[in-house]
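So this one's structure_10.cif, mmCIF, C-alpha atoms and all ligand atoms:
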data_data
loop_
_atom_site.group_PDB
_atom_site.id
_atom_site.type_symbol
_atom_site.label_atom_id
_atom_site.label_comp_id
_atom_site.auth_asym_id
_atom_site.auth_seq_id
_atom_site.Cartn_x
_atom_site.Cartn_y
_atom_site.Cartn_z
ATOM 1 C CA MET A 1 92.703 74.977 89.951
ATOM 2 C CA ASN A 2 93.450 75.876 86.371
ATOM 3 C CA LYS A 3 90.800 77.420 84.147
ATOM 4 C CA VAL A 4 90.577 75.948 80.681
ATOM 5 C CA ALA A 5 88.659 77.567 77.837
ATOM 6 C CA ILE A 6 86.518 74.892 76.227
ATOM 7 C CA LEU A 7 83.990 76.635 73.995
ATOM 8 C CA SER A 8 82.886 80.002 72.812
ATOM 9 C CA SER A 9 79.438 80.794 74.145
ATOM 10 C CA ASP A 10 78.502 81.524 70.522
ATOM 11 C CA ALA A 11 78.757 77.757 69.928
ATOM 12 C CA LEU A 12 76.120 77.048 72.560
ATOM 13 C CA GLU A 13 72.515 77.098 71.466
ATOM 14 C CA ASP A 14 70.030 77.318 74.307
ATOM 15 C CA ARG A 15 69.328 73.833 75.742
ATOM 16 C CA LYS A 16 71.312 72.049 73.024
ATOM 17 C CA PRO A 17 74.107 69.885 74.500
ATOM 18 C CA GLN A 18 77.516 70.543 72.961
ATOM 19 C CA HIS A 19 80.504 68.187 73.092
ATOM 20 C CA ALA A 20 83.969 69.354 74.166
ATOM 21 C CA LEU A 21 87.149 67.302 74.500
ATOM 22 C CA VAL A 22 89.693 68.469 77.082
ATOM 23 C CA ALA A 23 92.841 66.414 77.785
ATOM 24 C CA ASP A 24 91.152 63.395 76.167
ATOM 25 C CA VAL A 25 88.166 63.710 78.510
ATOM 26 C CA ASP A 26 84.706 64.047 76.992
ATOM 27 C CA LEU A 27 82.664 66.905 78.395
ATOM 28 C CA VAL A 28 79.225 68.225 77.632
ATOM 29 C CA ALA A 29 78.270 71.893 77.914
ATOM 30 C CA VAL A 30 74.716 73.171 77.960
ATOM 31 C CA ARG A 31 73.429 76.716 77.961
ATOM 32 C CA PHE A 32 70.095 77.180 79.656
ATOM 33 C CA ASP A 33 68.913 80.759 79.681
ATOM 34 C CA ASP A 34 71.827 82.782 81.150
ATOM 35 C CA GLU A 35 73.555 79.804 82.768
ATOM 36 C CA ILE A 36 76.142 77.430 81.325
ATOM 37 C CA ALA A 37 76.581 73.972 82.828
ATOM 38 C CA VAL A 38 79.566 71.714 82.095
ATOM 39 C CA PHE A 39 79.479 68.012 82.980
ATOM 40 C CA TYR A 40 81.517 64.902 82.389
ATOM 41 C CA GLY A 41 80.433 63.996 78.877
ATOM 42 C CA ARG A 42 79.761 60.269 79.169
ATOM 43 C CA CYS A 43 76.584 58.759 80.578
ATOM 44 C CA LEU A 44 77.077 56.828 83.816
ATOM 45 C CA HIS A 45 74.918 53.982 82.522
ATOM 46 C CA ARG A 46 76.821 52.689 79.496
ATOM 47 C CA GLY A 47 79.023 55.576 78.481
ATOM 48 C CA ALA A 48 77.062 57.155 75.650
ATOM 49 C CA LEU A 49 78.013 60.702 74.734
ATOM 50 C CA MET A 50 75.753 63.057 76.658
ATOM 51 C CA SER A 51 76.103 65.586 73.840
ATOM 52 C CA ASP A 52 73.884 63.212 71.820
ATOM 53 C CA GLY A 53 71.172 63.647 74.448
ATOM 54 C CA TYR A 54 68.717 66.454 75.036
ATOM 55 C CA VAL A 55 67.339 68.779 77.683
ATOM 56 C CA SER A 56 63.890 68.148 79.135
ATOM 57 C CA GLY A 57 62.654 70.457 81.870
ATOM 58 C CA ASN A 58 65.507 70.877 84.351
ATOM 59 C CA SER A 59 67.385 67.748 83.285
ATOM 60 C CA LEU A 60 69.918 66.618 80.714
ATOM 61 C CA ILE A 61 68.694 63.317 79.282
ATOM 62 C CA CYS A 62 70.872 60.604 77.769
ATOM 63 C CA GLY A 63 69.588 59.807 74.285
ATOM 64 C CA VAL A 64 70.195 56.050 74.524
ATOM 65 C CA HIS A 65 68.242 54.775 77.552
ATOM 66 C CA TYR A 66 67.036 58.130 78.885
ATOM 67 C CA TRP A 67 68.891 58.374 82.191
ATOM 68 C CA ASP A 68 68.368 61.870 83.578
ATOM 69 C CA TYR A 69 70.770 64.279 85.255
ATOM 70 C CA ARG A 70 69.643 67.561 86.802
ATOM 71 C CA MET A 71 71.194 70.593 85.156
ATOM 72 C CA ASP A 72 71.890 72.318 88.477
ATOM 73 C CA THR A 73 73.631 69.404 90.234
ATOM 74 C CA GLY A 74 74.136 66.483 87.835
ATOM 75 C CA VAL A 75 72.142 64.248 90.219
ATOM 76 C CA SER A 76 69.620 61.879 88.684
ATOM 77 C CA GLU A 77 66.035 62.532 89.762
ATOM 78 C CA TYR A 78 65.212 58.875 89.087
ATOM 79 C CA ASN A 79 68.142 57.531 91.143
ATOM 80 C CA ASN A 80 69.687 60.079 93.508
ATOM 81 C CA ALA A 81 72.731 57.819 93.972
ATOM 82 C CA GLU A 82 73.819 58.609 90.408
ATOM 83 C CA ALA A 83 75.407 61.989 89.723
ATOM 84 C CA LEU A 84 77.148 63.122 86.569
ATOM 85 C CA PRO A 85 80.261 65.039 87.692
ATOM 86 C CA LYS A 86 79.753 68.761 87.181
ATOM 87 C CA PHE A 87 82.481 71.327 86.626
ATOM 88 C CA SER A 88 82.417 74.993 87.505
ATOM 89 C CA ALA A 89 81.709 77.070 84.425
ATOM 90 C CA VAL A 90 82.567 80.745 84.389
ATOM 91 C CA GLY A 91 82.535 83.534 81.859
ATOM 92 C CA LYS A 92 80.013 84.967 79.478
ATOM 93 C CA LYS A 93 81.930 84.819 76.205
ATOM 94 C CA THR A 94 83.773 81.587 76.765
ATOM 95 C CA ALA A 95 82.729 78.678 78.937
ATOM 96 C CA LYS A 96 85.629 77.710 81.162
ATOM 97 C CA ILE A 97 86.054 74.900 83.612
ATOM 98 C CA LEU A 98 88.075 74.703 86.768
ATOM 99 C CA GLY A 99 90.340 71.670 86.638
ATOM 100 C CA GLY A 100 91.140 69.377 89.480
HETATM 101 S S1 LIG A 201 73.909 54.859 78.008
HETATM 102 FE FE1 LIG A 201 72.881 56.562 78.826
HETATM 103 S S2 LIG A 201 71.082 55.773 79.641
HETATM 104 FE FE2 LIG A 201 72.116 54.054 78.860
#
Write the structure described by the file as structure tokens, please.
Ligand code: FES
Amino acid sequence: MNKVAILSSDALEDRKPQHALVADVDLVAVRFDDEIAVFYGRCLHRGALMSDGYVSGNSLICGVHYWDYRMDTGVSEYNNAEALPKFSAVGKKTAKILGG
């Protein structure tokens, strides 16, 4: 898999979702403490940008109808059948994803 630099970690405020566009695919990156999570950036409900959402507890919440996705897995606590695809993020200075 190829690693792609998507953001500088300086651009990531703690628990504030940040949009990134890679190969015309919307992504959302979130720093929480020392971890960085990168997910597909569109809500599975109706496609809203997840970067317009917010973090509550251990979940990333869509700002439109409040679907939730756990930060560690992308799985919804409300409906475990729904999971926002999560990418591997590596690096301290720059969040990178593994393609494929
Ligand atoms: S579009 Fe995200 S919950 Fe409806």
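Non-sequential neighbours of range 28-35 of chain A (distance at most 7 Å, separation of 6 or more positions within a chain, all atoms listed in the file) are Leu12, Glu13, Asp14, Arg15, Lys16, Pro17, Gln18, His19, Ala20, Gly41, Met50 and Ser51 of chain A.
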Expansion of the PyMOL selection byres (((chain A and resi 55-67) around 8) and not hetatm) into residues, as a ChimeraX atom specification: /A:15-17,43,45,48-50,52-54,68-72,76,78
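The space separating atom FE1 of ligand LIG 201 (chain A) from CA of Val38 in chain A comes to 16.9 Å.
Comparing A:Ala5, A:Arg46, A:Ala37, A:Asp10 by their smallest distance to ligand LIG 201 (chain A), the closest is A:Arg46 (using all atoms listed in the file).
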Nearby residues, (78.6, 66.9, 85.2) file frame, 6 Å, all atoms listed in the file, as a list in words: Val38, Phe39, Tyr40, Gly74, Leu84, Pro85 and Lys86 of chain A
Given 8 Å on each side, where is the centre and what are the edge lengths in Å to one decimal of the axis-aligned box enclosing the listed atoms of ligand LIG 201 (chain A), as JSON?
{"center_x": 72.5, "center_y": 55.3, "center_z": 78.8, "size_x": 18.8, "size_y": 18.5, "size_z": 17.6}
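Distance annotation: of A:Leu44, A:Val4, A:Val25, A:Ala11, the residue with the minimal separation from ligand LIG 201 (chain A) is A:Leu44; atom set is only C-alpha atoms and all ligand atoms.
With distances restricted to all atoms listed in the file, A:Arg42 is the closest residue to ligand LIG 201 (chain A) from A:Asn2, A:Thr73, A:Ser8, A:Arg42.
Between CA of Val22 in chain A and CA of Phe87 in chain A lies a distance of 12.3 Å.
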Nearest to Ala23 in chain A, chosen from A:Ile6, A:Ala81, A:Ala89, A:Val75, with all atoms listed in the file counted in the distances: A:Ile6
Computed interatomic separation between CA of Ala83 in chain A and CA of Ile36 in chain A (Å): 17.6 Å
With all heavy atoms as the goal, would you fill in the gaps in range 14-25 of chain A and present it as a PDB file, in the coordinates of the input?
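Listing of selection.pdb after writing:
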ATOM      1  N   ASP A  14      70.770  77.536  73.070  1.00  0.00           N
ATOM      2  CA  ASP A  14      70.030  77.318  74.307  1.00  0.00           C
ATOM      3  C   ASP A  14      69.490  75.887  74.371  1.00  0.00           C
ATOM      4  O   ASP A  14      68.823  75.426  73.438  1.00  0.00           O
ATOM      5  CB  ASP A  14      68.882  78.324  74.410  1.00  0.00           C
ATOM      6  CG  ASP A  14      68.277  78.340  75.798  1.00  0.00           C
ATOM      7  OD1 ASP A  14      69.003  78.622  76.758  1.00  0.00           O
ATOM      8  OD2 ASP A  14      67.069  78.051  75.904  1.00  0.00           O
ATOM      9  N   ARG A  15      69.819  75.187  75.452  1.00  0.00           N
ATOM     10  CA  ARG A  15      69.328  73.833  75.742  1.00  0.00           C
ATOM     11  C   ARG A  15      69.723  72.793  74.698  1.00  0.00           C
ATOM     12  O   ARG A  15      69.068  71.771  74.553  1.00  0.00           O
ATOM     13  CB  ARG A  15      67.818  73.837  75.953  1.00  0.00           C
ATOM     14  CG  ARG A  15      67.441  74.565  77.234  1.00  0.00           C
ATOM     15  CD  ARG A  15      65.958  74.826  77.362  1.00  0.00           C
ATOM     16  NE  ARG A  15      65.585  75.292  78.676  1.00  0.00           N
ATOM     17  CZ  ARG A  15      65.794  76.526  79.132  1.00  0.00           C
ATOM     18  NH1 ARG A  15      66.381  77.418  78.372  1.00  0.00           N
ATOM     19  NH2 ARG A  15      65.423  76.867  80.340  1.00  0.00           N
ATOM     20  N   LYS A  16      70.808  73.041  73.970  1.00  0.00           N
ATOM     21  CA  LYS A  16      71.312  72.049  73.024  1.00  0.00           C
ATOM     22  C   LYS A  16      72.693  71.599  73.501  1.00  0.00           C
ATOM     23  O   LYS A  16      73.645  72.365  73.438  1.00  0.00           O
ATOM     24  CB  LYS A  16      71.390  72.639  71.614  1.00  0.00           C
ATOM     25  CG  LYS A  16      71.826  71.623  70.572  1.00  0.00           C
ATOM     26  CD  LYS A  16      71.630  72.145  69.184  1.00  0.00           C
ATOM     27  CE  LYS A  16      71.963  71.180  68.075  1.00  0.00           C
ATOM     28  NZ  LYS A  16      72.588  69.954  68.371  1.00  0.00           N
ATOM     29  N   PRO A  17      72.824  70.360  73.991  1.00  0.00           N
ATOM     30  CA  PRO A  17      74.107  69.885  74.500  1.00  0.00           C
ATOM     31  C   PRO A  17      75.199  69.950  73.442  1.00  0.00           C
ATOM     32  O   PRO A  17      74.966  69.623  72.276  1.00  0.00           O
ATOM     33  CB  PRO A  17      73.818  68.428  74.900  1.00  0.00           C
ATOM     34  CG  PRO A  17      72.344  68.358  75.087  1.00  0.00           C
ATOM     35  CD  PRO A  17      71.767  69.344  74.099  1.00  0.00           C
ATOM     36  N   GLN A  18      76.383  70.374  73.874  1.00  0.00           N
ATOM     37  CA  GLN A  18      77.516  70.543  72.961  1.00  0.00           C
ATOM     38  C   GLN A  18      78.711  69.771  73.519  1.00  0.00           C
ATOM     39  O   GLN A  18      79.048  69.901  74.695  1.00  0.00           O
ATOM     40  CB  GLN A  18      77.853  72.027  72.843  1.00  0.00           C
ATOM     41  CG  GLN A  18      79.043  72.352  71.977  1.00  0.00           C
ATOM     42  CD  GLN A  18      78.771  72.156  70.494  1.00  0.00           C
ATOM     43  OE1 GLN A  18      77.705  72.540  70.018  1.00  0.00           O
ATOM     44  NE2 GLN A  18      79.698  71.555  69.793  1.00  0.00           N
ATOM     45  N   HIS A  19      79.343  68.979  72.683  1.00  0.00           N
ATOM     46  CA  HIS A  19      80.504  68.187  73.092  1.00  0.00           C
ATOM     47  C   HIS A  19      81.755  69.047  73.152  1.00  0.00           C
ATOM     48  O   HIS A  19      81.936  69.972  72.354  1.00  0.00           O
ATOM     49  CB  HIS A  19      80.721  67.045  72.089  1.00  0.00           C
ATOM     50  CG  HIS A  19      81.898  66.185  72.394  1.00  0.00           C
ATOM     51  ND1 HIS A  19      83.109  66.337  71.769  1.00  0.00           N
ATOM     52  CD2 HIS A  19      82.056  65.178  73.286  1.00  0.00           C
ATOM     53  CE1 HIS A  19      83.949  65.439  72.246  1.00  0.00           C
ATOM     54  NE2 HIS A  19      83.345  64.725  73.164  1.00  0.00           N
ATOM     55  N   ALA A  20      82.632  68.753  74.104  1.00  0.00           N
ATOM     56  CA  ALA A  20      83.969  69.354  74.166  1.00  0.00           C
ATOM     57  C   ALA A  20      84.923  68.259  74.634  1.00  0.00           C
ATOM     58  O   ALA A  20      84.550  67.405  75.440  1.00  0.00           O
ATOM     59  CB  ALA A  20      83.994  70.530  75.132  1.00  0.00           C
ATOM     60  N   LEU A  21      86.127  68.277  74.105  1.00  0.00           N
ATOM     61  CA  LEU A  21      87.149  67.302  74.500  1.00  0.00           C
ATOM     62  C   LEU A  21      88.302  68.072  75.118  1.00  0.00           C
ATOM     63  O   LEU A  21      88.894  68.945  74.477  1.00  0.00           O
ATOM     64  CB  LEU A  21      87.618  66.507  73.273  1.00  0.00           C
ATOM     65  CG  LEU A  21      88.582  65.361  73.548  1.00  0.00           C
ATOM     66  CD1 LEU A  21      87.884  64.242  74.328  1.00  0.00           C
ATOM     67  CD2 LEU A  21      89.139  64.815  72.228  1.00  0.00           C
ATOM     68  N   VAL A  22      88.603  67.789  76.372  1.00  0.00           N
ATOM     69  CA  VAL A  22      89.693  68.469  77.082  1.00  0.00           C
ATOM     70  C   VAL A  22      90.593  67.402  77.692  1.00  0.00           C
ATOM     71  O   VAL A  22      90.133  66.579  78.489  1.00  0.00           O
ATOM     72  CB  VAL A  22      89.150  69.397  78.189  1.00  0.00           C
ATOM     73  CG1 VAL A  22      90.294  70.020  78.982  1.00  0.00           C
ATOM     74  CG2 VAL A  22      88.269  70.476  77.585  1.00  0.00           C
ATOM     75  N   ALA A  23      91.865  67.393  77.287  1.00  0.00           N
ATOM     76  CA  ALA A  23      92.841  66.414  77.785  1.00  0.00           C
ATOM     77  C   ALA A  23      92.300  64.990  77.638  1.00  0.00           C
ATOM     78  O   ALA A  23      92.374  64.182  78.566  1.00  0.00           O
ATOM     79  CB  ALA A  23      93.220  66.722  79.229  1.00  0.00           C
ATOM     80  N   ASP A  24      91.711  64.717  76.474  1.00  0.00           N
ATOM     81  CA  ASP A  24      91.152  63.395  76.167  1.00  0.00           C
ATOM     82  C   ASP A  24      89.986  63.003  77.067  1.00  0.00           C
ATOM     83  O   ASP A  24      89.676  61.816  77.204  1.00  0.00           O
ATOM     84  CB  ASP A  24      92.227  62.305  76.211  1.00  0.00           C
ATOM     85  CG  ASP A  24      93.203  62.414  75.043  1.00  0.00           C
ATOM     86  OD1 ASP A  24      92.787  62.909  73.965  1.00  0.00           O
ATOM     87  OD2 ASP A  24      94.369  62.024  75.207  1.00  0.00           O
ATOM     88  N   VAL A  25      89.354  63.965  77.695  1.00  0.00           N
ATOM     89  CA  VAL A  25      88.166  63.710  78.510  1.00  0.00           C
ATOM     90  C   VAL A  25      86.961  64.344  77.820  1.00  0.00           C
ATOM     91  O   VAL A  25      86.982  65.532  77.488  1.00  0.00           O
ATOM     92  CB  VAL A  25      88.316  64.285  79.936  1.00  0.00           C
ATOM     93  CG1 VAL A  25      87.032  64.087  80.742  1.00  0.00           C
ATOM     94  CG2 VAL A  25      89.500  63.636  80.643  1.00  0.00           C
TER      95      VAL A  25
END
